[in-house]
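Visitor: Below you'll find the structure I mean.
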Amino acid sequence: MSTPPPRADAIDAADHRDNDVERVIAGEDVVVGAVVGAGDPADTTRPPAAIHRMAGWIRSRPAGSLLVVAMAAWLAVFSALIWHRHARFGTWDFDLGHHDQAIWLLSRGGGFVTVSGMPVLGHHFTVAYFAVAPLYWLGGGPQLINLLQTAALALSAVPIYLYARDRLANEWHALALGVAWLLNPSVQWLCWEAWHPETMAIPFLLTAYLLASRRRWRWYAVILVAALTWKEDVALAAIVLGIVFLLRRQRRIGLFTIAVGVAWFVLAYQIAMPHFNGGQNHAGIFYGELGDSPSEIVRTAVTDPGAIWERLRGNDALGYARDLLVPFAAVPLLAPLVTVVAVPQFFANALTNAGFFYDIRFHYVAIIVAVLAIAGVDGAARFTTARLRSKVVGTIVAAALASSVAWGLSPLSTQYRSGYWVLDDNPRQAVLDAAVDAVPGGAATAASYYIVPHLSHREQIYTFPNPWIAANWGLAGEAPHDPDHDHVGAEVDWLVVDTTTHGADSREELLLDELLAAEFRVVSEDSGIVVARRVARPGGADVA
């Protein structure tokens, strides 16, 4: 079913409203053709002009105003939830801890992340971190970047609303789809998981598409490149988006988008990441026999399609697709030319040998849900009558609400009190806070996984039993980073270890006993939290 062009009177009305709003933003006292503030200029009883302008905007855009309220409420709730999750020691090393140390290192001219054992730009080609790093000069840290990400998720409703208003010529339908974004369970899980760079790419990708739909090509180019800088995977979406433009007979912008996407993909996967990782590619370790690079996986798909099919079947790729589409009531399937932009990321996730890649609760869905949100708008736009569009939009909202209750993490969800959020005070809060405070700033430290994000502003912070025993380290458990000493772990001066996370006679417990007996002295031990400082080097030499 083809979509008819908007009626001329609808376009004129929308342009008139947009011009009025732009004049208000510019400081003029015009709101929807009405003069605001007319009267005696000496009348000091009138509210300030800014309040008049705001009131005028609210009157002219009631749906937009309600969206702002919904976004503000969502932002307030989820900001508090993620703040408490970190403050109460509910965040982890390989998520928040890794990224926080990476940005802190860049802000100080460093570049090797000891949390994960990889260089900053070897783990992901996240050039945007250089733009975030100055915030760390001002005292930024894990709480700040978590709040930035939460704001990015909330603000992503704005380009969805604006695009839906353009396509559906109905601001209430646009409001509904903006709210559906906030209800989407994956969006809520993205906030819960704490900072990840691909999540930050969402508002840039959505805004780029909005600008393209309005033929604002210069700004489109700028925002598209900005989206690419957050993570190399965005390049896959850009390449397919360029093909979509070509199919729409927008040749110049299509070729530009493809060229930029291919160039960034090659730079990231073939040049930068292998350069920083000693010739290897971090992403390749998750595909096993299918190949260790995108080109090898494509070759396997051609030469041994059965291997691809078996991996997809084993990973329940159809179930993964179903779970992604349910919150959108499968409406994106009515706009296949847009939905296809998410296909490369879908297969990049579904073909891995790690289950968390093809789970709607983790950050690997970020690009996919952004694309599906836009495709949902276009799917609704295929219905030509207002009545049908209302039903389709209502169905999307109902599906988003139902999936939010069943799968999401909002206070409305059945999962809200299941332990993902740290809703109650940590019974060991004072002990953990004291343990973190006991470690001198900058001292090389090994700590338990959930304590690491609270000690990551230093050049060397390891997740115990690293660096003595390689665990989730580097690309393949290679020798831990120890550049200045002959003995692994000799540079670590402090331990902050939760012994309750170790099993009896586990390798972690045996290592801790050995270190405390020969090289470290216990400073404090309370509720299973051991804080120890080095008193001797390997071989028995005392620490000066």
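In the structure tokens, chains take the letters A, B, ... in the order shown, each chain's residues start at 1, and ligands count up from 1 in the order shown.
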If we count only C-alpha atoms and set the cut-off at 8 Å, which residues sit around region 464-473 of chain A, ignoring sequence neighbours fewer than 5 positions away in its own chain? Please answer as a list of chain:residue names.

Guide: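 Residues near the query, excluding close chain neighbours: A:Val115, A:Ser116, A:Gly117, A:Ala446, A:Ala447, A:Ser448, A:Tyr449, A:Glu478, A:Ala479, A:Pro480, A:His481, A:Val488, A:Gly489, A:Val497, A:Glu508, A:Leu511.
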
Visitor: Using the chain letters and numbers from this document, which residues of region 214-366 of chain A does DSSP assign to helix (DSSP H, G or I), as a PDB file with C-alpha atoms, in the first residue's frame?

Guide:
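Everything below was put into out.pdb:
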ATOM      1  CA  TRP A 217      21.435  17.374   4.262  1.00  0.00           C
ATOM      2  CA  ARG A 218      24.281  19.348   5.825  1.00  0.00           C
ATOM      3  CA  TRP A 219      23.057  18.789   9.342  1.00  0.00           C
ATOM      4  CA  TYR A 220      22.225  15.201   8.436  1.00  0.00           C
ATOM      5  CA  ALA A 221      25.860  14.620   7.474  1.00  0.00           C
ATOM      6  CA  VAL A 222      27.128  16.171  10.714  1.00  0.00           C
ATOM      7  CA  ILE A 223      24.811  14.174  12.980  1.00  0.00           C
ATOM      8  CA  LEU A 224      25.392  10.939  11.061  1.00  0.00           C
ATOM      9  CA  VAL A 225      29.151  11.228  11.574  1.00  0.00           C
ATOM     10  CA  ALA A 226      28.517  12.034  15.242  1.00  0.00           C
ATOM     11  CA  ALA A 227      26.475   8.821  15.538  1.00  0.00           C
ATOM     12  CA  LEU A 228      29.311   6.805  13.975  1.00  0.00           C
ATOM     13  CA  VAL A 234      26.616   2.114  13.650  1.00  0.00           C
ATOM     14  CA  ALA A 235      28.507   1.966  10.346  1.00  0.00           C
ATOM     15  CA  LEU A 236      26.562  -1.161   9.371  1.00  0.00           C
ATOM     16  CA  ALA A 237      23.278   0.688   9.804  1.00  0.00           C
ATOM     17  CA  ALA A 238      24.673   3.665   7.854  1.00  0.00           C
ATOM     18  CA  ILE A 239      25.655   1.478   4.898  1.00  0.00           C
ATOM     19  CA  VAL A 240      22.181  -0.063   4.632  1.00  0.00           C
ATOM     20  CA  LEU A 241      20.562   3.350   5.141  1.00  0.00           C
ATOM     21  CA  GLY A 242      22.553   4.603   2.160  1.00  0.00           C
ATOM     22  CA  ILE A 243      21.205   1.711   0.085  1.00  0.00           C
ATOM     23  CA  VAL A 244      17.689   2.658   1.185  1.00  0.00           C
ATOM     24  CA  PHE A 245      18.288   6.200  -0.069  1.00  0.00           C
ATOM     25  CA  LEU A 246      19.448   4.807  -3.416  1.00  0.00           C
ATOM     26  CA  LEU A 247      16.287   2.724  -3.709  1.00  0.00           C
ATOM     27  CA  ARG A 251      21.385   9.073  -5.377  1.00  0.00           C
ATOM     28  CA  ARG A 252      23.761  11.682  -4.017  1.00  0.00           C
ATOM     29  CA  ILE A 253      22.881  11.313  -0.345  1.00  0.00           C
ATOM     30  CA  GLY A 254      22.716   7.547  -0.734  1.00  0.00           C
ATOM     31  CA  LEU A 255      26.222   7.325  -2.159  1.00  0.00           C
ATOM     32  CA  PHE A 256      27.496   9.727   0.493  1.00  0.00           C
ATOM     33  CA  THR A 257      25.963   7.676   3.312  1.00  0.00           C
ATOM     34  CA  ILE A 258      27.320   4.403   1.937  1.00  0.00           C
ATOM     35  CA  ALA A 259      30.794   5.907   1.464  1.00  0.00           C
ATOM     36  CA  VAL A 260      30.899   7.290   4.997  1.00  0.00           C
ATOM     37  CA  GLY A 261      29.619   4.020   6.474  1.00  0.00           C
ATOM     38  CA  VAL A 262      32.073   1.850   4.546  1.00  0.00           C
ATOM     39  CA  ALA A 263      34.998   4.162   5.313  1.00  0.00           C
ATOM     40  CA  TRP A 264      34.223   4.152   9.035  1.00  0.00           C
ATOM     41  CA  PHE A 265      33.687   0.399   9.106  1.00  0.00           C
ATOM     42  CA  VAL A 266      36.997  -0.293   7.372  1.00  0.00           C
ATOM     43  CA  LEU A 267      38.810   2.220   9.561  1.00  0.00           C
ATOM     44  CA  ALA A 268      37.405   0.669  12.733  1.00  0.00           C
ATOM     45  CA  TYR A 269      37.445  -3.065  12.004  1.00  0.00           C
ATOM     46  CA  GLN A 270      40.317  -3.394   9.573  1.00  0.00           C
ATOM     47  CA  ILE A 271      42.733  -0.689  10.721  1.00  0.00           C
ATOM     48  CA  ALA A 272      42.216   0.923  14.136  1.00  0.00           C
ATOM     49  CA  MET A 273      41.028  -1.949  16.352  1.00  0.00           C
ATOM     50  CA  PRO A 274      43.529  -4.519  14.995  1.00  0.00           C
ATOM     51  CA  HIS A 275      46.285  -1.885  15.313  1.00  0.00           C
ATOM     52  CA  PHE A 276      45.581  -1.328  18.996  1.00  0.00           C
ATOM     53  CA  HIS A 282      38.084  -7.968  19.657  1.00  0.00           C
ATOM     54  CA  ALA A 283      34.680  -8.632  18.061  1.00  0.00           C
ATOM     55  CA  GLY A 284      35.890 -11.771  16.306  1.00  0.00           C
ATOM     56  CA  ILE A 285      36.191 -13.830  19.483  1.00  0.00           C
ATOM     57  CA  PHE A 286      32.406 -14.157  19.737  1.00  0.00           C
ATOM     58  CA  GLY A 288      33.830 -19.166  16.872  1.00  0.00           C
ATOM     59  CA  GLU A 289      34.117 -21.335  13.768  1.00  0.00           C
ATOM     60  CA  LEU A 290      32.096 -18.853  11.703  1.00  0.00           C
ATOM     61  CA  PRO A 294      33.131  -9.629   9.318  1.00  0.00           C
ATOM     62  CA  SER A 295      34.672 -10.652   5.987  1.00  0.00           C
ATOM     63  CA  GLU A 296      35.292 -14.215   7.210  1.00  0.00           C
ATOM     64  CA  ILE A 297      31.720 -14.525   8.467  1.00  0.00           C
ATOM     65  CA  VAL A 298      30.417 -13.388   5.067  1.00  0.00           C
ATOM     66  CA  ARG A 299      32.699 -15.944   3.416  1.00  0.00           C
ATOM     67  CA  THR A 300      31.307 -18.659   5.670  1.00  0.00           C
ATOM     68  CA  ALA A 301      27.766 -17.609   4.759  1.00  0.00           C
ATOM     69  CA  VAL A 302      28.628 -18.170   1.074  1.00  0.00           C
ATOM     70  CA  THR A 303      30.701 -21.339   1.378  1.00  0.00           C
ATOM     71  CA  PRO A 305      25.389 -21.580   4.691  1.00  0.00           C
ATOM     72  CA  GLY A 306      24.455 -24.611   6.778  1.00  0.00           C
ATOM     73  CA  ALA A 307      26.790 -23.439   9.546  1.00  0.00           C
ATOM     74  CA  ILE A 308      25.054 -20.068   9.568  1.00  0.00           C
ATOM     75  CA  TRP A 309      21.643 -21.688   9.658  1.00  0.00           C
ATOM     76  CA  GLU A 310      22.607 -23.994  12.532  1.00  0.00           C
ATOM     77  CA  ARG A 311      23.933 -21.087  14.584  1.00  0.00           C
ATOM     78  CA  LEU A 312      20.748 -19.068  13.998  1.00  0.00           C
ATOM     79  CA  ARG A 313      18.556 -22.048  14.846  1.00  0.00           C
ATOM     80  CA  GLY A 314      20.558 -22.857  17.952  1.00  0.00           C
ATOM     81  CA  ALA A 317      16.958 -16.131  16.134  1.00  0.00           C
ATOM     82  CA  LEU A 318      13.228 -16.192  15.362  1.00  0.00           C
ATOM     83  CA  GLY A 319      12.427 -15.871  19.047  1.00  0.00           C
ATOM     84  CA  TYR A 320      14.880 -12.993  19.293  1.00  0.00           C
ATOM     85  CA  ALA A 321      13.164 -11.254  16.357  1.00  0.00           C
ATOM     86  CA  ARG A 322       9.768 -11.861  17.941  1.00  0.00           C
ATOM     87  CA  ASP A 323      10.836 -10.323  21.251  1.00  0.00           C
ATOM     88  CA  LEU A 324      12.180  -7.259  19.465  1.00  0.00           C
ATOM     89  CA  LEU A 325       9.005  -6.760  17.440  1.00  0.00           C
ATOM     90  CA  VAL A 326       6.371  -7.441  20.116  1.00  0.00           C
ATOM     91  CA  PRO A 327       6.726  -4.013  21.843  1.00  0.00           C
ATOM     92  CA  PHE A 328       6.078  -2.415  18.426  1.00  0.00           C
ATOM     93  CA  VAL A 331       4.128  -2.732  12.795  1.00  0.00           C
ATOM     94  CA  PRO A 332       7.748  -2.091  11.613  1.00  0.00           C
ATOM     95  CA  LEU A 333       7.302  -5.061   9.264  1.00  0.00           C
ATOM     96  CA  LEU A 334       4.906  -2.867   7.264  1.00  0.00           C
ATOM     97  CA  PRO A 336      10.467  -3.211   5.313  1.00  0.00           C
ATOM     98  CA  LEU A 337      12.637  -0.634   3.551  1.00  0.00           C
ATOM     99  CA  VAL A 338      13.330   1.001   6.909  1.00  0.00           C
ATOM    100  CA  THR A 339      13.361  -2.152   9.036  1.00  0.00           C
ATOM    101  CA  VAL A 340      16.104  -3.600   6.839  1.00  0.00           C
ATOM    102  CA  VAL A 341      18.497  -0.985   8.281  1.00  0.00           C
ATOM    103  CA  ALA A 342      18.482  -3.031  11.513  1.00  0.00           C
ATOM    104  CA  VAL A 343      19.156  -6.355   9.784  1.00  0.00           C
ATOM    105  CA  PRO A 344      22.998  -6.282   9.881  1.00  0.00           C
ATOM    106  CA  GLN A 345      23.016  -5.621  13.627  1.00  0.00           C
ATOM    107  CA  PHE A 346      20.378  -8.303  14.134  1.00  0.00           C
ATOM    108  CA  PHE A 347      22.546 -10.940  12.466  1.00  0.00           C
ATOM    109  CA  ALA A 348      25.702  -9.612  14.125  1.00  0.00           C
ATOM    110  CA  ASN A 349      23.971 -10.369  17.436  1.00  0.00           C
ATOM    111  CA  ALA A 350      22.144 -13.573  16.526  1.00  0.00           C
ATOM    112  CA  GLY A 355      23.691 -15.585  24.722  1.00  0.00           C
ATOM    113  CA  PHE A 356      23.717 -12.032  26.048  1.00  0.00           C
ATOM    114  CA  PHE A 357      24.153 -10.696  22.507  1.00  0.00           C
ATOM    115  CA  TYR A 358      20.733 -11.883  21.368  1.00  0.00           C
ATOM    116  CA  HIS A 363      22.896  -3.013  24.986  1.00  0.00           C
ATOM    117  CA  TYR A 364      23.421  -4.915  21.734  1.00  0.00           C
ATOM    118  CA  VAL A 365      19.808  -4.090  20.808  1.00  0.00           C
ATOM    119  CA  ALA A 366      20.391  -0.315  20.933  1.00  0.00           C
TER     120      ALA A 366
END

Visitor: Skipping near chain neighbours, those fewer than 4 positions away, what residues fall within 9 Å of Ile451 (chain A) using only C-alpha atoms, listed as an NGL selection string?

Guide: :A and (89-93 or 97 or 432 or 436 or 447 or 455 or 463 or 496-498)

Visitor: Those selected residues, please, written with N, CA and C atoms and delivered as an mmCIF file, in the first residue's frame.

Guide:
data_model
loop_
_atom_site.group_PDB
_atom_site.id
_atom_site.type_symbol
_atom_site.label_atom_id
_atom_site.label_comp_id
_atom_site.auth_asym_id
_atom_site.auth_seq_id
_atom_site.Cartn_x
_atom_site.Cartn_y
_atom_site.Cartn_z
ATOM 1 N N PHE A 89 26.412 -0.143 45.173
ATOM 2 C CA PHE A 89 27.326 -1.191 44.716
ATOM 3 C C PHE A 89 26.604 -2.266 43.907
ATOM 4 N N GLY A 90 25.768 -1.805 42.979
ATOM 5 C CA GLY A 90 25.062 -2.741 42.116
ATOM 6 C C GLY A 90 25.529 -2.719 40.675
ATOM 7 N N THR A 91 26.619 -1.995 40.369
ATOM 8 C CA THR A 91 27.157 -1.964 39.006
ATOM 9 C C THR A 91 28.429 -2.806 38.945
ATOM 10 N N TRP A 92 28.895 -3.077 37.723
ATOM 11 C CA TRP A 92 29.918 -4.102 37.549
ATOM 12 C C TRP A 92 31.135 -3.597 36.794
ATOM 13 N N ASP A 93 32.153 -4.424 36.829
ATOM 14 C CA ASP A 93 33.437 -4.073 36.220
ATOM 15 C C ASP A 93 33.378 -4.007 34.695
ATOM 16 N N GLY A 97 32.517 -0.125 34.967
ATOM 17 C CA GLY A 97 33.906 0.028 35.378
ATOM 18 C C GLY A 97 34.852 0.182 34.210
ATOM 19 N N LEU A 432 31.438 -1.114 52.819
ATOM 20 C CA LEU A 432 31.955 -0.955 51.455
ATOM 21 C C LEU A 432 32.453 0.460 51.217
ATOM 22 N N VAL A 436 36.369 1.405 50.209
ATOM 23 C CA VAL A 436 36.767 2.210 49.045
ATOM 24 C C VAL A 436 37.560 3.437 49.492
ATOM 25 N N ALA A 447 40.319 -5.527 42.952
ATOM 26 C CA ALA A 447 39.091 -5.512 43.742
ATOM 27 C C ALA A 447 38.069 -6.469 43.153
ATOM 28 N N LEU A 455 36.446 2.311 42.039
ATOM 29 C CA LEU A 455 37.888 2.532 42.167
ATOM 30 C C LEU A 455 38.556 2.665 40.800
ATOM 31 N N THR A 463 40.188 -6.567 38.203
ATOM 32 C CA THR A 463 39.155 -7.373 38.823
ATOM 33 C C THR A 463 39.809 -8.629 39.379
ATOM 34 N N VAL A 496 40.899 -5.022 47.641
ATOM 35 C CA VAL A 496 39.578 -4.832 48.248
ATOM 36 C C VAL A 496 38.719 -5.977 47.717
ATOM 37 N N VAL A 497 38.589 -7.018 48.514
ATOM 38 C CA VAL A 497 38.013 -8.270 48.030
ATOM 39 C C VAL A 497 36.846 -8.696 48.914
ATOM 40 N N ASP A 498 35.752 -9.035 48.253
ATOM 41 C CA ASP A 498 34.583 -9.586 48.949
ATOM 42 C C ASP A 498 34.716 -11.103 48.941
#

Visitor: For the contact check between region 141-215 of chain A and region 370-384 of chain A, emit one row per residue of region 141-215 of chain A within 8 Å, containing the shortest atom pair and the distance in Å rounded to one decimal, counting only C-alpha atoms, chain then rising number order, as CSV.

Guide:
residue,atom,partner,partner_atom,distance
A:Ile160,CA,A:Ile374,CA,6.7
A:Tyr163,CA,A:Val377,CA,7.7
A:Ala164,CA,A:Val377,CA,5.7
A:Arg167,CA,A:Ala381,CA,6.3
A:Leu168,CA,A:Ala381,CA,5.8
A:Leu177,CA,A:Val377,CA,7.6
A:Trp181,CA,A:Ala373,CA,7.1
A:Ile202,CA,A:Ala370,CA,6.1
A:Leu205,CA,A:Ala370,CA,7.6
A:Leu206,CA,A:Ala370,CA,6.7

Visitor: Compare A:Trp421, A:Tyr287, A:Phe130, A:Trp230 by their minimum atom-to-atom distance to Pro203 (chain A), counting only C-alpha atoms, and give me the closest one.

Guide: A:Trp230

Visitor: Measuring between only C-alpha atoms, which one of A:Gly394, A:Pro142, A:Gly442, A:Pro48 shows the shortest distance to Ala329 (chain A)?

Guide: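 Ranking A:Gly394, A:Pro142, A:Gly442, A:Pro48 by distance to Ala329 (chain A), first place goes to A:Gly394.
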
Visitor: Which of these, A:Leu105, A:Ala87, A:Ala70, A:Leu175, has the shortest distance to Gln460 (chain A) once you count only C-alpha atoms?

Guide: A:Leu105

Visitor: Which residues come within 8 Å of Trp192 (chain A), counting only C-alpha atoms, excluding same-chain residues fewer than 3 positions away, as a list of chain:residue names?

Guide: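 My reading of the contact set: A:Leu81, A:Ile82, A:Gln188, A:Trp189, A:Leu409, A:Tyr420, A:Trp421.
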
Visitor: I need the residues in region 55-296 of chain A that are strand (DSSP E or B) according to DSSP; give them as a list in words.

Guide: Phe112, Val113, Met118 and Pro119 of chain A

Visitor: Please measure the separation of CA of Thr500 (chain A) and CA of Val452 (chain A), giving the value in Å to one decimal.

Guide: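 These atoms are spaced 15.8 Å apart.
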
Visitor: Between CA of Met118 (chain A) and CA of Asn277 (chain A), what is the distance in Å, rounded to a tenth?

Guide: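 Pair CA of Met118 (chain A) / CA of Asn277 (chain A) returns 7.1 Å.
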
Visitor: I'd like to know which of A:Gly474, A:Gly408, A:Gly178, A:Gly441 is closest to Met71 (chain A), using only C-alpha atoms.

Guide: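 The closest residue to Met71 (chain A) is A:Gly178.
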
Visitor: Between A:Pro119, A:Gly64, A:Pro197, A:Gly141, which residue has the minimum interatomic distance to Arg165 (chain A), considering only C-alpha atoms?

Guide: A:Gly64

Visitor: Expressed in Å to a single decimal, how great is the separation between CA of Arg387 (chain A) and CA of Leu66 (chain A)?

Guide: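 That distance, rounded to one decimal, is 22.2 Å.
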